[in-house]
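Have a look at the structure below before the remarks.
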Amino acid sequence: MNKQSALPDTDLKDLIQRCLKRDVVAQKRLYDTYSPKMLALCIRYMGDREAGMDVLQDGFVTVFSKLRTYKGEGSFEGWMRKIFVNEALMALRKNDVLRYADKIDNVPAAHMMASNEDAVSRMGAKELTKLIESMPPGYRAVFNLSIDGFQHDEIARMLGISSASSRSQLSRARDWLQKRIKELY
Amino acid sequence: MNEKDLYTFLREKLDTHTEMPDASLWDGIRSKMVRRHRMMVVRRVSFITVAAAAVLAAGLFIFRGDEVTTLPSAPSVMAESMLPESEVPADQDIKPMSEQIAGLSSSGVVAQQAKPVTRPIKPVADILTEMPTERSDKVDEEKIIADVVVSDNEVVTDPVVEQDDKQAEDPAIREWDEKDLDEILGEEEPVRRKSKKNTSLFAISSNISNVASQDGFMADLGPKYAPSESGTPFGSYSIIPFDDELQFDVPLSFGFQFKQAIVPRLYVGTGLVYTYLHTQYSAMIDKELQPNVSSQLHYLGIPLNLSYNFVDRPRFDAFVSVGGMVDKCLLSRYVFGSNERREKVEGVQWSVNLGVGVEYWFIRHVGVALTPSVAYYFDNEQPPSIRTQQPIQFNLEFGLRFRL
């Protein structure tokens, strides 16, 4: 069983093979399996459901067209996740949202507070997602990328900012999040 | 909990969250994928087409280049004499032409070289004399065309050439000719093949039959005439001509064509040709007689022609062509009084044509062409026009040609 996949490995391989042969039924099944999780990811990056749906649509088109490049190494869900993250960043870039990420770097950094682990652990996934969605776009992108395991140099490259900017914005994102959590709990 | 652990914790927490997409999203994905697939097919086909064209062009270029560089020195005198100055190989010792001819005449090479040059001339005259003559009262313009060709023919006629033609009628001489012809052609062929390239043609053509003969000049697009034939194959169109007093403007066509040699001297060509047909007549429209209906038909046609160069020289070609064309009426517009109506035209117009033409190349890649032709338009239930009333049409095409 693939650790992250909702499908057994054999089923997944078979599904991928059928998708490569343009089997619409297989494509639909793949979509049904992964779309709920990927939509949540897209919404988290984009900040609203409509924009997230657009990214999900473009992302699945890319997944099906690039499926041949998946060599079976590593998690399939992880591979898909990268595609959706990339699609989301492209959409943010297209909407000029990421420009804000660079501008906020000029704002003096607020006092960094220690993370309120208890509050975070008490929050449900949906509440946490809503909270992240309400983040300022620049913070949100860096914060989401950090959650998804990207390093600062990767984030910097993806967003077209410096590595130092990535660090400082992530700190501000954490600060912003902690303030909001404190307000709520 | 350090920073890394915090993010891992957050990721695991967020991974449990899902959102159900709208039901219509899958349809959107499918339609995008279909569009994308179509685009991919179009791109691939375009790429293959461009690549094939590039390979073909490169092949022609290399092929031509080899021929020119492999010309032996002595028999290449004629080859070089037929080449523009810029194309004479730089590494060859160029003697004055008189010296070259003097040196070769003793070996009989000049007469043999002239032979391939003269052969096409006789067919020019033959074919021109075989041009349709049944419309004796309408051939003024055809004579003009013939004059153009004949005068060109006179220019290229050489007494030496004519004498050689007469000699060639002797079987013994012909046998000798053919025996040695390969040796000569082996050198001349590269020069003659210089014209056997794919050629694009931008042409403007016009009808020269009845209108021209009646009103005096083929270039005059204004005058109208009444057709001699009766009967109107108007099919199911709602605008019905009231009588047969139809008046036509000269059809005007322009377009571009591309032709490619399939074997030496034989070309296949196709392209896209736009034609404008204007007709005026009285007609019943909505149960009212409209005395002056202006019909404007816009056709787009795809020709397919086979042409054979019976004269094939570096600067001058003469050819016969036979082929067909399918025309689709893209827009039919009828103007009567202050009203206008557009109707959809079903079906296509098929036609066949036969022509003879000449090409003259000013420079290596650019030339002009004149092609008189006769075309027959089949009855395909198209709206009334000169084509439906006078199925046999004489056309004159003038075009610019570009060698690729």
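We name chains A, B, ... following the order of the structure tokens; residues begin at 1 in each chain, and ligands are numbered from 1 as shown.
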Residues near segment 43-53 of chain A, cut-off 8 Å, only C-alpha atoms, skip fewer than 6 positions along chain, as a count of residues only: 16
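Residue list for chain A within 8 Å of chain B: Lys28, Tyr31, Ser35, Pro36, Lys37, Met38, Leu39, Ala40, Met53, Gln57, Asp58, Phe60, Val61, Glu117, Gly124, Ala125, Lys126, Leu128, Thr129, Ser146, Ile147, Asp148 and Gly149 of chain A, counting only C-alpha atoms.
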Written file, previous selection with C-alpha atoms, as a PDB file, in the first residue's frame:
```pdb
ATOM      1  CA  LYS A  28     -12.124   9.954 -13.978  1.00  0.00           C
ATOM      2  CA  TYR A  31      -9.642  12.474 -10.536  1.00  0.00           C
ATOM      3  CA  SER A  35      -9.401  15.818  -6.390  1.00  0.00           C
ATOM      4  CA  PRO A  36     -10.782  16.395  -2.830  1.00  0.00           C
ATOM      5  CA  LYS A  37      -7.328  16.505  -1.314  1.00  0.00           C
ATOM      6  CA  MET A  38      -5.830  18.518  -4.152  1.00  0.00           C
ATOM      7  CA  LEU A  39      -8.684  21.002  -4.062  1.00  0.00           C
ATOM      8  CA  ALA A  40      -8.017  21.625  -0.386  1.00  0.00           C
ATOM      9  CA  MET A  53     -11.219  25.223  -8.544  1.00  0.00           C
ATOM     10  CA  GLN A  57      -8.855  22.123 -13.300  1.00  0.00           C
ATOM     11  CA  ASP A  58      -5.624  23.298 -14.899  1.00  0.00           C
ATOM     12  CA  PHE A  60      -5.468  17.893 -13.580  1.00  0.00           C
ATOM     13  CA  VAL A  61      -5.045  18.739 -17.256  1.00  0.00           C
ATOM     14  CA  GLU A 117       1.592  24.657  19.909  1.00  0.00           C
ATOM     15  CA  GLY A 124      -9.218  21.311  13.493  1.00  0.00           C
ATOM     16  CA  ALA A 125      -7.827  20.977   9.959  1.00  0.00           C
ATOM     17  CA  LYS A 126     -10.664  22.987   8.501  1.00  0.00           C
ATOM     18  CA  LEU A 128      -6.486  25.859  10.311  1.00  0.00           C
ATOM     19  CA  THR A 129      -7.072  25.876   6.579  1.00  0.00           C
ATOM     20  CA  SER A 146       7.182  25.773   3.991  1.00  0.00           C
ATOM     21  CA  ILE A 147       4.400  23.497   5.186  1.00  0.00           C
ATOM     22  CA  ASP A 148       4.735  21.489   2.008  1.00  0.00           C
ATOM     23  CA  GLY A 149       8.365  20.864   2.768  1.00  0.00           C
TER      24      GLY A 149
END
```
Excluding segment 345-351 of chain B and any residue of its chain fewer than 2 positions from it, enumerate the residues within 12 Å of it, using only C-alpha atoms, and give them as a count of residues only. 49
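Here atom CA of Arg22 of chain A is placed at a distance of 15.9 Å from atom CA of Met39 of chain B.
Interatomic distance, atom CA of Glu183 of chain A to atom CA of Arg122 of chain A: 14.1 Å.
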Quick one: of B:Leu306, B:Val311, B:Val41, B:Ile386, who's nearest to Gln247 of chain B, counting only C-alpha atoms? B:Ile386
Need the shell around Trp79 of chain A: protein/DNA/RNA residues with any atom at most 12 Å away, counting only C-alpha atoms. Skip same-chain ones fewer than 2 positions apart. Format as a PyMOL selection string? chain A and resi 4-5+34+38+59+62-63+66-67+69-77+81-86
For the residues selected in the previous step, produce a file with C-alpha atoms as a PDB file, in the first residue's frame.
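Below is the file that was written, selection.pdb:
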```pdb
ATOM      1  CA  GLN A   4       0.024   8.510   0.953  1.00  0.00           C
ATOM      2  CA  SER A   5      -2.224   7.156  -1.723  1.00  0.00           C
ATOM      3  CA  TYR A  34      -7.304  12.777  -5.605  1.00  0.00           C
ATOM      4  CA  MET A  38      -5.830  18.518  -4.152  1.00  0.00           C
ATOM      5  CA  GLY A  59      -3.656  21.067 -12.554  1.00  0.00           C
ATOM      6  CA  THR A  62      -1.313  19.049 -16.563  1.00  0.00           C
ATOM      7  CA  VAL A  63      -1.292  15.828 -14.537  1.00  0.00           C
ATOM      8  CA  LYS A  66       2.559  14.938 -17.940  1.00  0.00           C
ATOM      9  CA  LEU A  67       1.699  11.533 -16.563  1.00  0.00           C
ATOM     10  CA  THR A  69       7.010  11.723 -16.861  1.00  0.00           C
ATOM     11  CA  TYR A  70       6.075   9.994 -13.603  1.00  0.00           C
ATOM     12  CA  LYS A  71       8.582   7.170 -13.351  1.00  0.00           C
ATOM     13  CA  GLY A  72       7.044   5.445 -10.371  1.00  0.00           C
ATOM     14  CA  GLU A  73       9.755   6.718  -8.074  1.00  0.00           C
ATOM     15  CA  GLY A  74       8.445   8.256  -4.890  1.00  0.00           C
ATOM     16  CA  SER A  75       4.897   8.951  -3.946  1.00  0.00           C
ATOM     17  CA  PHE A  76       2.456   9.582  -6.761  1.00  0.00           C
ATOM     18  CA  GLU A  77       0.501  11.909  -4.532  1.00  0.00           C
ATOM     19  CA  ARG A  81       1.107  17.785  -5.194  1.00  0.00           C
ATOM     20  CA  LYS A  82       4.123  19.436  -6.800  1.00  0.00           C
ATOM     21  CA  ILE A  83       2.163  19.946  -9.980  1.00  0.00           C
ATOM     22  CA  PHE A  84      -0.727  21.563  -8.149  1.00  0.00           C
ATOM     23  CA  VAL A  85       1.571  23.748  -6.091  1.00  0.00           C
ATOM     24  CA  ASN A  86       3.276  24.854  -9.263  1.00  0.00           C
TER      25      ASN A  86
END
```
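In this structure, atom CA of Val250 of chain B sits 7.3 Å away from atom CA of Leu277 of chain B.
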